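target-v6.csv (CSV, C-alpha atoms (C1' of nucleotides))
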chain,number,residue,atom,x,y,z
A,1,MET,CA,97.4,86.5,67.5
A,2,SER,CA,94.5,88.1,65.7
A,3,GLU,CA,94.8,91.4,64.1
A,4,LEU,CA,92.5,92.9,66.7
A,5,GLU,CA,94.8,91.7,69.5
A,6,SER,CA,97.8,93.0,67.8
A,7,VAL,CA,96.3,96.4,67.4
A,8,ILE,CA,95.3,96.3,71.1
A,9,ARG,CA,98.9,95.4,72.1
A,10,LYS,CA,100.1,98.4,70.1
A,11,LEU,CA,97.7,100.7,72.0
A,12,GLU,CA,98.7,99.2,75.3
A,13,ALA,CA,102.4,99.6,74.5
A,14,LEU,CA,101.9,103.3,74.2
A,15,ASP,CA,99.9,103.5,77.5
A,16,HIS,CA,96.5,104.0,75.8
A,17,ARG,CA,93.6,102.4,77.6
A,18,ILE,CA,91.7,99.6,76.0
A,19,THR,CA,88.0,100.6,76.3
A,20,PRO,CA,84.9,99.0,74.8
A,21,SER,CA,84.5,101.9,72.5
A,22,ARG,CA,88.0,101.7,71.1
A,23,VAL,CA,87.6,97.9,70.7
A,24,ALA,CA,84.4,98.5,68.8
A,25,VAL,CA,85.9,101.0,66.5
A,26,ILE,CA,89.0,98.9,65.9
A,27,ALA,CA,86.9,95.8,65.2
A,28,SER,CA,84.8,97.7,62.7
A,29,VAL,CA,87.8,99.1,61.0
A,30,LEU,CA,89.5,95.7,60.7
A,31,ALA,CA,86.2,94.3,59.3
A,32,GLN,CA,86.2,96.8,56.4
A,33,SER,CA,87.3,95.5,53.0
A,34,GLY,CA,89.1,98.0,51.0
A,35,HIS,CA,88.9,101.7,51.9
A,36,PHE,CA,86.1,103.2,54.0
A,37,SER,CA,85.0,106.5,55.4
A,38,VAL,CA,84.6,107.5,59.0
A,39,GLU,CA,80.9,107.4,58.2
A,40,ASP,CA,81.1,103.7,57.5
A,41,VAL,CA,82.7,103.1,60.9
A,42,LEU,CA,80.1,105.3,62.6
A,43,ARG,CA,77.4,103.3,60.9
A,44,GLN,CA,78.8,100.0,62.1
A,45,ALA,CA,79.7,101.2,65.6
A,46,ARG,CA,76.5,103.0,66.4
A,47,ALA,CA,76.9,102.8,70.2
A,48,VAL,CA,80.1,104.7,70.0
A,49,GLY,CA,80.0,108.5,70.0
A,50,ARG,CA,80.9,110.5,66.9
A,51,ALA,CA,83.8,112.3,68.6
A,52,THR,CA,85.2,109.0,69.9
A,53,VAL,CA,85.2,107.5,66.5
A,54,PHE,CA,87.1,110.5,65.1
A,55,ARG,CA,89.5,110.4,68.0
A,56,THR,CA,90.1,106.7,67.6
A,57,MET,CA,90.7,107.1,63.9
A,58,ARG,CA,93.3,109.7,64.6
A,59,LEU,CA,94.9,107.3,67.1
A,60,LEU,CA,94.9,104.5,64.6
A,61,THR,CA,96.4,106.8,61.9
A,62,ASP,CA,99.2,107.9,64.3
A,63,LEU,CA,99.9,104.2,65.0
A,64,ASP,CA,100.0,103.4,61.3
A,65,VAL,CA,97.2,100.9,61.8
A,66,VAL,CA,95.3,102.7,59.1
A,67,CYS,CA,96.4,105.0,56.3
A,68,ARG,CA,94.5,107.7,54.6
A,69,VAL,CA,93.4,107.5,51.0
A,70,LEU,CA,92.5,110.5,49.1
A,71,LEU,CA,89.7,109.8,46.6
A,72,ASP,CA,89.5,111.6,43.3
A,73,ASP,CA,86.4,113.5,44.5
A,74,GLY,CA,88.5,115.0,47.2
A,75,SER,CA,87.0,113.0,50.1
A,76,LEU,CA,89.2,111.3,52.6
A,77,HIS,CA,88.9,107.6,53.3
A,78,TYR,CA,90.9,105.2,55.3
A,79,ARG,CA,92.4,101.8,54.7
A,80,VAL,CA,93.9,99.2,57.0
A,81,SER,CA,97.6,99.6,56.6
A,82,ARG,CA,99.5,96.3,56.5
A,83,ARG,CA,102.8,97.7,55.4
A,84,GLY,CA,104.9,100.9,55.7
A,85,HIS,CA,104.9,103.8,53.3
A,86,HIS,CA,103.1,103.0,50.1
A,87,HIS,CA,100.6,104.4,47.6
A,88,HIS,CA,97.2,103.5,46.3
A,89,LEU,CA,95.6,102.7,43.1
A,90,VAL,CA,91.9,103.4,43.4
A,91,CYS,CA,89.3,102.2,40.9
A,92,VAL,CA,87.0,105.1,40.2
A,93,SER,CA,84.3,102.8,39.1
A,94,CYS,CA,83.9,100.2,41.9
A,95,GLY,CA,85.9,102.1,44.4
A,96,ASN,CA,88.3,99.3,45.2
A,97,ALA,CA,91.8,100.4,46.2
A,98,ARG,CA,94.9,98.3,46.0
A,99,ASP,CA,98.2,99.0,47.6
A,100,LEU,CA,101.2,99.5,45.4
A,101,ASP,CA,104.0,97.4,46.6
A,102,GLU,CA,106.6,100.1,47.0
A,103,CYS,CA,106.9,103.8,46.9
A,104,ALA,CA,108.1,104.5,43.4
A,105,VAL,CA,109.0,108.1,43.8
A,106,GLY,CA,112.0,107.6,46.1
A,107,ASP,CA,114.4,108.3,43.2
A,108,LEU,CA,112.3,111.2,42.1
A,109,VAL,CA,112.5,112.7,45.6
A,110,ARG,CA,116.3,112.5,45.6
A,111,GLU,CA,116.5,114.0,42.1
A,112,LEU,CA,114.1,116.8,43.1
A,113,ALA,CA,116.0,117.5,46.3
A,114,ALA,CA,119.2,117.9,44.3
A,115,ALA,CA,117.6,120.0,41.6
A,116,THR,CA,115.6,122.4,43.8
A,117,GLU,CA,117.5,122.7,47.0
A,118,TYR,CA,114.3,121.8,48.9
A,119,GLU,CA,114.6,119.4,51.7
A,120,ILE,CA,111.8,117.1,50.8
A,121,GLU,CA,109.8,115.8,53.8
A,122,GLY,CA,106.9,114.0,52.3
A,123,HIS,CA,104.6,113.5,49.4
A,124,TRP,CA,101.1,112.4,48.4
A,125,LEU,CA,100.7,110.1,45.5
A,126,GLU,CA,97.5,108.4,44.5
A,127,PHE,CA,96.5,106.8,41.2
A,128,TYR,CA,93.0,106.6,39.8
A,129,GLY,CA,91.8,104.2,37.2
A,130,ARG,CA,89.5,101.5,36.2
A,131,CYS,CA,90.2,98.0,37.3
A,132,ALA,CA,90.1,94.9,35.1
A,133,ALA,CA,86.7,93.8,36.3
A,134,CYS,CA,85.2,97.2,35.7
A,135,ARG,CA,86.6,97.3,32.2
A,136,SER,CA,85.3,94.0,31.2
A,137,PRO,CA,82.5,94.0,28.6
A,138,VAL,CA,80.1,92.4,31.1
A,139,ALA,CA,80.7,95.2,33.6
A,140,VAL,CA,80.4,97.8,30.9
A,141,ALA,CA,77.2,96.3,29.6
A,142,ALA,CA,75.8,96.1,33.2
A,143,ARG,CA,76.4,99.7,33.8
A,144,ALA,CA,74.8,100.8,30.5
B,1,MET,CA,97.7,141.1,26.0
B,2,SER,CA,97.6,141.1,29.7
B,3,GLU,CA,96.9,137.9,31.6
B,4,LEU,CA,93.6,139.2,32.6
B,5,GLU,CA,92.6,139.9,29.0
B,6,SER,CA,93.7,136.5,28.0
B,7,VAL,CA,91.6,134.8,30.6
B,8,ILE,CA,88.6,137.0,29.6
B,9,ARG,CA,89.1,135.8,26.0
B,10,LYS,CA,89.0,132.2,27.1
B,11,LEU,CA,85.8,132.8,28.9
B,12,GLU,CA,84.3,134.6,25.9
B,13,ALA,CA,85.4,131.9,23.6
B,14,LEU,CA,83.3,129.4,25.6
B,15,ASP,CA,80.3,131.7,25.6
B,16,HIS,CA,80.6,132.7,29.2
B,17,ARG,CA,79.6,136.2,30.0
B,18,ILE,CA,82.1,138.7,31.2
B,19,THR,CA,80.6,140.3,34.3
B,20,PRO,CA,82.1,142.7,36.9
B,21,SER,CA,82.0,140.0,39.5
B,22,ARG,CA,83.9,137.5,37.4
B,23,VAL,CA,86.5,140.2,36.4
B,24,ALA,CA,87.0,141.0,40.1
B,25,VAL,CA,87.5,137.4,41.0
B,26,ILE,CA,89.9,136.8,38.1
B,27,ALA,CA,91.9,139.9,38.9
B,28,SER,CA,92.2,138.8,42.5
B,29,VAL,CA,93.3,135.4,41.5
B,30,LEU,CA,95.9,136.7,39.1
B,31,ALA,CA,97.2,139.0,41.7
B,32,GLN,CA,97.9,136.2,44.1
B,33,SER,CA,101.5,135.1,44.5
B,34,GLY,CA,102.0,131.4,45.0
B,35,HIS,CA,99.0,129.4,46.1
B,36,PHE,CA,96.0,130.7,47.8
B,37,SER,CA,92.7,129.6,49.2
B,38,VAL,CA,89.2,130.6,48.2
B,39,GLU,CA,89.1,132.6,51.5
B,40,ASP,CA,92.0,134.7,50.2
B,41,VAL,CA,90.0,135.6,47.1
B,42,LEU,CA,86.8,136.2,49.1
B,43,ARG,CA,88.8,138.6,51.3
B,44,GLN,CA,90.1,140.5,48.3
B,45,ALA,CA,86.9,140.6,46.4
B,46,ARG,CA,84.5,141.5,49.2
B,47,ALA,CA,81.9,142.9,46.9
B,48,VAL,CA,81.5,139.6,45.2
B,49,GLY,CA,79.2,137.0,46.8
B,50,ARG,CA,80.5,133.9,48.3
B,51,ALA,CA,78.7,131.6,45.9
B,52,THR,CA,79.9,133.5,42.9
B,53,VAL,CA,83.5,133.2,44.0
B,54,PHE,CA,83.1,129.5,44.4
B,55,ARG,CA,81.3,129.3,41.0
B,56,THR,CA,84.0,131.3,39.3
B,57,MET,CA,86.8,129.3,40.9
B,58,ARG,CA,85.2,126.1,39.5
B,59,LEU,CA,85.0,127.8,36.1
B,60,LEU,CA,88.6,128.8,36.2
B,61,THR,CA,89.6,125.3,37.2
B,62,ASP,CA,87.6,123.8,34.3
B,63,LEU,CA,89.4,126.3,32.0
B,64,ASP,CA,92.8,125.3,33.4
B,65,VAL,CA,93.4,128.9,34.4
B,66,VAL,CA,94.1,127.7,37.9
B,67,CYS,CA,95.0,124.3,39.3
B,68,ARG,CA,94.3,122.8,42.7
B,69,VAL,CA,97.0,122.3,45.2
B,70,LEU,CA,96.6,119.9,48.1
B,71,LEU,CA,98.4,121.1,51.2
B,72,ASP,CA,99.9,118.6,53.6
B,73,ASP,CA,97.3,119.6,56.2
B,74,GLY,CA,94.6,118.4,53.8
B,75,SER,CA,93.3,121.8,52.8
B,76,LEU,CA,92.7,122.7,49.2
B,77,HIS,CA,94.4,125.7,47.7
B,78,TYR,CA,94.6,127.1,44.2
B,79,ARG,CA,97.4,128.3,42.0
B,80,VAL,CA,97.5,130.1,38.7
B,81,SER,CA,98.3,127.5,36.2
B,82,ARG,CA,100.7,128.7,33.5
B,83,ARG,CA,101.3,125.3,31.9
B,84,GLY,CA,99.6,121.9,31.4
B,85,HIS,CA,99.6,118.9,33.7
B,86,HIS,CA,102.3,119.3,36.3
B,87,HIS,CA,102.9,118.8,40.0
B,88,HIS,CA,103.8,121.0,42.9
B,89,LEU,CA,106.5,121.2,45.5
B,90,VAL,CA,105.2,123.0,48.5
B,91,CYS,CA,107.3,124.5,51.2
B,92,VAL,CA,105.8,123.4,54.6
B,93,SER,CA,107.5,126.3,56.3
B,94,CYS,CA,106.8,129.4,54.2
B,95,GLY,CA,104.0,127.9,52.1
B,96,ASN,CA,105.5,128.7,48.8
B,97,ALA,CA,104.7,126.3,46.0
B,98,ARG,CA,106.7,125.8,42.9
B,99,ASP,CA,105.6,124.0,39.8
B,100,LEU,CA,107.6,121.0,38.7
B,101,ASP,CA,108.4,121.2,35.1
B,102,GLU,CA,107.0,117.9,34.0
B,103,CYS,CA,104.9,115.1,35.2
B,104,ALA,CA,107.5,112.6,36.3
B,105,VAL,CA,105.2,109.7,36.7
B,106,GLY,CA,104.2,109.1,33.1
B,107,ASP,CA,106.5,106.1,32.9
B,108,LEU,CA,105.2,104.9,36.2
B,109,VAL,CA,101.7,105.1,35.0
B,110,ARG,CA,102.5,103.0,32.0
B,111,GLU,CA,104.3,100.4,34.1
B,112,LEU,CA,101.4,100.3,36.5
B,113,ALA,CA,98.8,99.9,33.8
B,114,ALA,CA,100.7,96.9,32.4
B,115,ALA,CA,101.3,95.3,35.8
B,116,THR,CA,97.8,95.8,37.3
B,117,GLU,CA,95.5,95.7,34.3
B,118,TYR,CA,94.0,98.9,35.5
B,119,GLU,CA,93.3,101.6,33.0
B,120,ILE,CA,94.8,104.5,34.7
B,121,GLU,CA,92.9,107.7,34.3
B,122,GLY,CA,94.7,110.1,36.6
B,123,HIS,CA,96.8,110.7,39.6
B,124,TRP,CA,97.5,113.1,42.4
B,125,LEU,CA,101.1,113.9,43.3
B,126,GLU,CA,102.3,116.6,45.6
B,127,PHE,CA,105.7,117.0,47.3
B,128,TYR,CA,106.2,118.7,50.6
B,129,GLY,CA,109.5,120.0,51.8
B,130,ARG,CA,111.4,123.0,53.1
B,131,CYS,CA,112.8,125.5,50.6
B,132,ALA,CA,116.3,126.7,50.5
B,133,ALA,CA,115.4,130.1,52.1
B,134,CYS,CA,113.6,128.4,55.0
B,135,ARG,CA,116.5,126.1,55.6
B,136,SER,CA,119.1,128.8,55.7
B,137,PRO,CA,120.6,129.6,59.1
B,138,VAL,CA,119.1,133.1,59.0
B,139,ALA,CA,115.7,131.8,58.5
B,140,VAL,CA,116.1,129.1,61.1
B,141,ALA,CA,117.4,131.7,63.6
B,142,ALA,CA,114.6,134.0,62.8
B,143,ARG,CA,112.0,131.4,63.5
B,144,ALA,CA,113.6,130.4,66.8
C,1,DC,C1',87.8,102.2,102.3
C,2,DA,C1',88.1,107.1,100.8
C,3,DT,C1',89.6,110.1,97.6
C,4,DG,C1',92.0,112.3,94.1
C,5,DA,C1',94.0,112.3,89.5
C,6,DC,C1',93.2,111.5,85.0
C,7,DA,C1',92.3,109.1,80.5
C,8,DG,C1',88.5,108.4,78.1
C,9,DT,C1',83.5,109.1,77.0
C,10,DG,C1',79.1,110.7,74.5
C,11,DA,C1',76.1,114.6,73.6
C,12,DT,C1',76.1,118.5,71.5
C,13,DA,C1',77.4,122.9,69.8
C,14,DC,C1',80.3,124.7,66.8
C,15,DT,C1',83.5,125.6,62.7
C,16,DT,C1',84.9,125.2,58.1
C,17,DG,C1',84.5,124.7,53.3
C,18,DG,C1',81.5,124.2,50.0
C,19,DT,C1',76.6,123.7,47.6
C,20,DA,C1',71.6,124.5,46.6
C,21,DT,C1',67.9,127.5,46.3
C,22,DC,C1',65.7,131.4,44.8
C,23,DA,C1',64.1,135.9,43.7
C,24,DG,C1',66.1,139.5,41.3
C,25,DT,C1',69.0,141.9,37.4
C,26,DG,C1',70.8,143.2,33.1
C,27,DA,C1',72.1,142.3,28.3
C,28,DG,C1',70.8,140.7,24.0
C,29,DA,C1',67.3,138.7,20.5
C,30,DC,C1',63.2,139.5,18.5
D,1,DG,C1',58.8,146.7,24.7
D,2,DT,C1',59.2,142.3,26.3
D,3,DC,C1',61.1,137.7,26.6
D,4,DT,C1',64.8,134.7,27.6
D,5,DC,C1',68.4,133.4,30.0
D,6,DA,C1',73.0,133.5,32.1
D,7,DC,C1',74.4,135.3,36.1
D,8,DT,C1',74.0,137.3,40.7
D,9,DG,C1',74.1,137.8,46.0
D,10,DA,C1',71.8,136.5,50.2
D,11,DT,C1',70.9,132.9,52.6
D,12,DA,C1',69.9,128.5,54.1
D,13,DC,C1',71.9,124.4,54.1
D,14,DC,C1',75.1,120.3,54.3
D,15,DA,C1',79.1,117.3,55.5
D,16,DA,C1',83.2,116.5,57.8
D,17,DG,C1',85.6,117.3,61.6
D,18,DT,C1',86.7,119.7,66.2
D,19,DA,C1',85.9,121.9,70.9
D,20,DT,C1',83.6,121.8,75.0
D,21,DC,C1',82.0,119.9,79.0
D,22,DA,C1',80.0,117.2,82.6
D,23,DC,C1',80.5,112.6,83.6
D,24,DT,C1',82.6,107.8,84.4
D,25,DG,C1',85.7,104.0,85.3
D,26,DT,C1',90.3,102.8,86.7
D,27,DC,C1',94.1,103.1,89.4
D,28,DA,C1',97.5,104.8,92.9
D,29,DT,C1',98.0,106.5,97.2
D,30,DG,C1',96.8,107.6,102.2
Output the structure of this file as structure tokens.
Amino acid sequence: MSELESVIRKLEALDHRITPSRVAVIASVLAQSGHFSVEDVLRQARAVGRATVFRTMRLLTDLDVVCRVLLDDGSLHYRVSRRGHHHHLVCVSCGNARDLDECAVGDLVRELAAATEYEIEGHWLEFYGRCAACRSPVAVAARA
Amino acid sequence: MSELESVIRKLEALDHRITPSRVAVIASVLAQSGHFSVEDVLRQARAVGRATVFRTMRLLTDLDVVCRVLLDDGSLHYRVSRRGHHHHLVCVSCGNARDLDECAVGDLVRELAAATEYEIEGHWLEFYGRCAACRSPVAVAARA
DNA sequence: CATGACAGTGATACTTGGTATCAGTGAGAC
DNA sequence: GTCTCACTGATACCAAGTATCACTGTCATG
């Protein structure tokens, strides 16, 4: 079963209709490498209305098909989500994002809950850095 | 020395002028309890132009007088910053934010850097939860 | 088949949060 | 006095996202 089909099954399972517009958006999303903005999807699925793209992105977010990535300039991007709760490490130079295998703040959340009497419901964690490729002398020279 | 004076000194030290508009914005910022939006400041310093408020907020952010707080609805707020790098725990019910004493992901950053060959430059970490007051039966009953 | 309900649609107007522009102002240097 | 220049407010603008609305395709029912 292709990824596209599997997303479509998810939609069907929740009584959402499978429409050409939705398929176009989903296909465009799945074709993205790394993280992408709604604009990227809009550009690739020109036939689909702006509102529909936003609506479909929200649907996909609710279905955990994509997750949101907060860039260090404050802009919101998306990324195909192939696992559950996790965090991202975003290269500020080339823009690539990689998923971190597990959520490393679970212990922290428990400690915090005990220390503060808050009931902790969620958290945002993103790391920003420079990937190996962007740190290599070649890349550095090319940028200069 | 009042907090206001101390902020003014910081500005002076960096050759920024002390103007009535800036003083009004800074006073309004310092008067806020917890986190606040630019709109809150605009509302309290009506005589000051919109652009100037935004400009001054950026100045204060650069000077570490305030820090930015990302709310769980994605909106950006500010908070008077009385220490260095730290994170926030925001109550999703009453909106109060508290500072966490230290950045708990320092070790994590070092581990990550070793594991991924990224040079890690920064991170965003915010926790969302429900504070003790908002979890108390009285508060729960009052909300119902 | 008719028809009615309704999820979904695209165009478009709007809102929100923030930035760019620009002519004007006031304080200090000379 | 006058020149410079940081700073100002008004305003136009921009990007991202949402609300509205008339329309469409699908499906269940009579």
Using only C-alpha atoms (C1' of nucleotides), select each residue of chain B with any atom at most 12 Å away from an atom of chain C, and give the selection as a CSV table (one decimal) with C-alpha atoms, in the frame of the given file.
chain,number,residue,atom,x,y,z
B,17,ARG,CA,79.6,136.2,30.0
B,18,ILE,CA,82.1,138.7,31.2
B,19,THR,CA,80.6,140.3,34.3
B,20,PRO,CA,82.1,142.7,36.9
B,37,SER,CA,92.7,129.6,49.2
B,38,VAL,CA,89.2,130.6,48.2
B,39,GLU,CA,89.1,132.6,51.5
B,50,ARG,CA,80.5,133.9,48.3
B,51,ALA,CA,78.7,131.6,45.9
B,52,THR,CA,79.9,133.5,42.9
B,53,VAL,CA,83.5,133.2,44.0
B,54,PHE,CA,83.1,129.5,44.4
B,55,ARG,CA,81.3,129.3,41.0
B,57,MET,CA,86.8,129.3,40.9
B,58,ARG,CA,85.2,126.1,39.5
B,74,GLY,CA,94.6,118.4,53.8
B,75,SER,CA,93.3,121.8,52.8
B,76,LEU,CA,92.7,122.7,49.2
B,77,HIS,CA,94.4,125.7,47.7
Fit target chain B, mobile chain A, all Cα in order, as an mmCIF file with C-alpha atoms, in the frame of the given file:
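File out_25.cif, as written:
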data_model
loop_
_atom_site.group_PDB
_atom_site.id
_atom_site.type_symbol
_atom_site.label_atom_id
_atom_site.label_comp_id
_atom_site.auth_asym_id
_atom_site.auth_seq_id
_atom_site.Cartn_x
_atom_site.Cartn_y
_atom_site.Cartn_z
ATOM 1 C CA MET A 1 97.560 141.059 25.805
ATOM 2 C CA SER A 2 97.465 140.965 29.572
ATOM 3 C CA GLU A 3 96.788 137.851 31.412
ATOM 4 C CA LEU A 4 93.438 139.206 32.527
ATOM 5 C CA GLU A 5 92.404 139.775 28.898
ATOM 6 C CA SER A 6 93.504 136.403 27.896
ATOM 7 C CA VAL A 7 91.499 134.769 30.594
ATOM 8 C CA ILE A 8 88.493 136.898 29.531
ATOM 9 C CA ARG A 9 88.921 135.770 25.883
ATOM 10 C CA LYS A 10 88.902 132.169 27.098
ATOM 11 C CA LEU A 11 85.599 132.749 28.946
ATOM 12 C CA GLU A 12 84.114 134.502 25.969
ATOM 13 C CA ALA A 13 85.183 131.695 23.629
ATOM 14 C CA LEU A 14 83.106 129.294 25.616
ATOM 15 C CA ASP A 15 80.046 131.653 25.646
ATOM 16 C CA HIS A 16 80.440 132.664 29.323
ATOM 17 C CA ARG A 17 79.460 136.225 30.081
ATOM 18 C CA ILE A 18 82.032 138.682 31.245
ATOM 19 C CA THR A 19 80.514 140.314 34.377
ATOM 20 C CA PRO A 20 82.066 142.690 36.899
ATOM 21 C CA SER A 21 82.045 139.997 39.470
ATOM 22 C CA ARG A 22 83.903 137.492 37.344
ATOM 23 C CA VAL A 23 86.419 140.225 36.361
ATOM 24 C CA ALA A 24 86.945 140.968 40.018
ATOM 25 C CA VAL A 25 87.516 137.419 40.950
ATOM 26 C CA ILE A 26 89.816 136.795 38.001
ATOM 27 C CA ALA A 27 91.830 139.936 38.764
ATOM 28 C CA SER A 28 92.249 138.878 42.366
ATOM 29 C CA VAL A 29 93.289 135.437 41.404
ATOM 30 C CA LEU A 30 95.876 136.675 38.891
ATOM 31 C CA ALA A 31 97.194 139.071 41.599
ATOM 32 C CA GLN A 32 97.954 136.181 43.993
ATOM 33 C CA SER A 33 101.584 135.088 44.282
ATOM 34 C CA GLY A 34 101.976 131.478 44.834
ATOM 35 C CA HIS A 35 99.021 129.371 46.002
ATOM 36 C CA PHE A 36 95.967 130.827 47.751
ATOM 37 C CA SER A 37 92.695 129.735 49.220
ATOM 38 C CA VAL A 38 89.218 130.698 48.169
ATOM 39 C CA GLU A 39 89.216 132.663 51.407
ATOM 40 C CA ASP A 40 92.016 134.849 50.141
ATOM 41 C CA VAL A 41 90.025 135.654 47.000
ATOM 42 C CA LEU A 42 86.900 136.344 49.062
ATOM 43 C CA ARG A 43 88.923 138.682 51.213
ATOM 44 C CA GLN A 44 90.226 140.622 48.242
ATOM 45 C CA ALA A 45 86.948 140.629 46.304
ATOM 46 C CA ARG A 46 84.653 141.601 49.116
ATOM 47 C CA ALA A 47 81.888 143.003 46.873
ATOM 48 C CA VAL A 48 81.498 139.686 45.219
ATOM 49 C CA GLY A 49 79.201 137.094 46.787
ATOM 50 C CA ARG A 50 80.583 133.936 48.381
ATOM 51 C CA ALA A 51 78.718 131.619 45.996
ATOM 52 C CA THR A 52 79.943 133.598 42.976
ATOM 53 C CA VAL A 53 83.490 133.302 44.045
ATOM 54 C CA PHE A 54 83.133 129.520 44.422
ATOM 55 C CA ARG A 55 81.380 129.301 41.096
ATOM 56 C CA THR A 56 84.021 131.366 39.372
ATOM 57 C CA MET A 57 86.773 129.267 40.865
ATOM 58 C CA ARG A 58 85.151 126.176 39.515
ATOM 59 C CA LEU A 59 84.940 127.882 36.107
ATOM 60 C CA LEU A 60 88.565 128.848 36.228
ATOM 61 C CA THR A 61 89.566 125.280 37.276
ATOM 62 C CA ASP A 62 87.557 123.787 34.353
ATOM 63 C CA LEU A 63 89.360 126.227 32.015
ATOM 64 C CA ASP A 64 92.739 125.264 33.427
ATOM 65 C CA VAL A 65 93.329 128.880 34.387
ATOM 66 C CA VAL A 66 94.001 127.693 37.891
ATOM 67 C CA CYS A 67 95.006 124.325 39.300
ATOM 68 C CA ARG A 68 94.359 122.905 42.670
ATOM 69 C CA VAL A 69 97.078 122.280 45.205
ATOM 70 C CA LEU A 70 96.593 119.974 48.009
ATOM 71 C CA LEU A 71 98.440 121.148 51.138
ATOM 72 C CA ASP A 72 99.894 118.708 53.609
ATOM 73 C CA ASP A 73 97.246 119.709 56.187
ATOM 74 C CA GLY A 74 94.634 118.474 53.821
ATOM 75 C CA SER A 75 93.296 121.911 52.793
ATOM 76 C CA LEU A 76 92.776 122.770 49.191
ATOM 77 C CA HIS A 77 94.394 125.807 47.633
ATOM 78 C CA TYR A 78 94.646 127.077 44.157
ATOM 79 C CA ARG A 79 97.429 128.316 41.946
ATOM 80 C CA VAL A 80 97.474 130.142 38.635
ATOM 81 C CA SER A 81 98.232 127.494 36.100
ATOM 82 C CA ARG A 82 100.640 128.622 33.373
ATOM 83 C CA ARG A 83 101.269 125.238 31.884
ATOM 84 C CA GLY A 84 99.506 121.869 31.354
ATOM 85 C CA HIS A 85 99.636 118.897 33.661
ATOM 86 C CA HIS A 86 102.274 119.267 36.312
ATOM 87 C CA HIS A 87 102.918 118.797 40.030
ATOM 88 C CA HIS A 88 103.840 120.943 42.963
ATOM 89 C CA LEU A 89 106.515 121.194 45.457
ATOM 90 C CA VAL A 90 105.176 123.035 48.472
ATOM 91 C CA CYS A 91 107.360 124.439 51.249
ATOM 92 C CA VAL A 92 105.741 123.513 54.521
ATOM 93 C CA SER A 93 107.476 126.297 56.262
ATOM 94 C CA CYS A 94 106.780 129.456 54.189
ATOM 95 C CA GLY A 95 104.065 127.923 52.155
ATOM 96 C CA ASN A 96 105.565 128.758 48.795
ATOM 97 C CA ALA A 97 104.776 126.294 46.009
ATOM 98 C CA ARG A 98 106.765 125.828 42.864
ATOM 99 C CA ASP A 99 105.711 123.999 39.784
ATOM 100 C CA LEU A 100 107.680 120.989 38.713
ATOM 101 C CA ASP A 101 108.523 121.255 35.120
ATOM 102 C CA GLU A 102 107.075 117.975 33.955
ATOM 103 C CA CYS A 103 104.990 115.174 35.221
ATOM 104 C CA ALA A 104 107.518 112.587 36.266
ATOM 105 C CA VAL A 105 105.216 109.695 36.780
ATOM 106 C CA GLY A 106 104.280 109.159 33.123
ATOM 107 C CA ASP A 107 106.564 106.091 32.939
ATOM 108 C CA LEU A 108 105.293 104.888 36.251
ATOM 109 C CA VAL A 109 101.705 105.104 34.976
ATOM 110 C CA ARG A 110 102.529 102.973 31.934
ATOM 111 C CA GLU A 111 104.392 100.424 34.072
ATOM 112 C CA LEU A 112 101.491 100.300 36.555
ATOM 113 C CA ALA A 113 98.931 99.940 33.787
ATOM 114 C CA ALA A 114 100.842 96.959 32.423
ATOM 115 C CA ALA A 115 101.389 95.383 35.811
ATOM 116 C CA THR A 116 97.866 95.772 37.240
ATOM 117 C CA GLU A 117 95.547 95.692 34.315
ATOM 118 C CA TYR A 118 94.014 98.982 35.532
ATOM 119 C CA GLU A 119 93.328 101.584 32.992
ATOM 120 C CA ILE A 120 94.889 104.506 34.713
ATOM 121 C CA GLU A 121 92.961 107.793 34.301
ATOM 122 C CA GLY A 122 94.671 110.190 36.588
ATOM 123 C CA HIS A 123 96.803 110.768 39.600
ATOM 124 C CA TRP A 124 97.592 113.232 42.387
ATOM 125 C CA LEU A 125 101.155 113.931 43.211
ATOM 126 C CA GLU A 126 102.360 116.634 45.528
ATOM 127 C CA PHE A 127 105.703 117.045 47.289
ATOM 128 C CA TYR A 128 106.265 118.723 50.624
ATOM 129 C CA GLY A 129 109.506 120.088 51.886
ATOM 130 C CA ARG A 130 111.477 122.951 53.109
ATOM 131 C CA CYS A 131 112.848 125.410 50.654
ATOM 132 C CA ALA A 132 116.401 126.764 50.589
ATOM 133 C CA ALA A 133 115.496 130.037 52.225
ATOM 134 C CA CYS A 134 113.647 128.324 55.021
ATOM 135 C CA ARG A 135 116.572 126.035 55.675
ATOM 136 C CA SER A 136 119.088 128.720 55.882
ATOM 137 C CA PRO A 137 120.594 129.366 59.334
ATOM 138 C CA VAL A 138 119.161 132.904 59.360
ATOM 139 C CA ALA A 139 115.647 131.579 58.771
ATOM 140 C CA VAL A 140 116.136 128.878 61.341
ATOM 141 C CA ALA A 141 117.454 131.323 63.883
ATOM 142 C CA ALA A 142 114.511 133.721 63.142
ATOM 143 C CA ARG A 143 111.997 131.088 63.793
ATOM 144 C CA ALA A 144 113.611 129.973 67.081
#
Could you list, as a compact mmCIF listing (two decimals) with C-alpha atoms, in the frame of the given file, the residues of chain B having an atom within 7 Å of chain A when counting all atoms listed in the file?
# COMPACT_ATOMS: atom_id res chain seq x y z
CA GLU B 117 95.50 95.70 34.30
CA TYR B 118 94.00 98.90 35.50
CA GLU B 119 93.30 101.60 33.00
CA ILE B 120 94.80 104.50 34.70
CA GLU B 121 92.90 107.70 34.30
CA GLY B 122 94.70 110.10 36.60
CA HIS B 123 96.80 110.70 39.60
CA TRP B 124 97.50 113.10 42.40
CA LEU B 125 101.10 113.90 43.30
CA GLU B 126 102.30 116.60 45.60
CA PHE B 127 105.70 117.00 47.30
CA TYR B 128 106.20 118.70 50.60
CA GLY B 129 109.50 120.00 51.80
CA ARG B 130 111.40 123.00 53.10
CA CYS B 131 112.80 125.50 50.60
CA ALA B 132 116.30 126.70 50.50
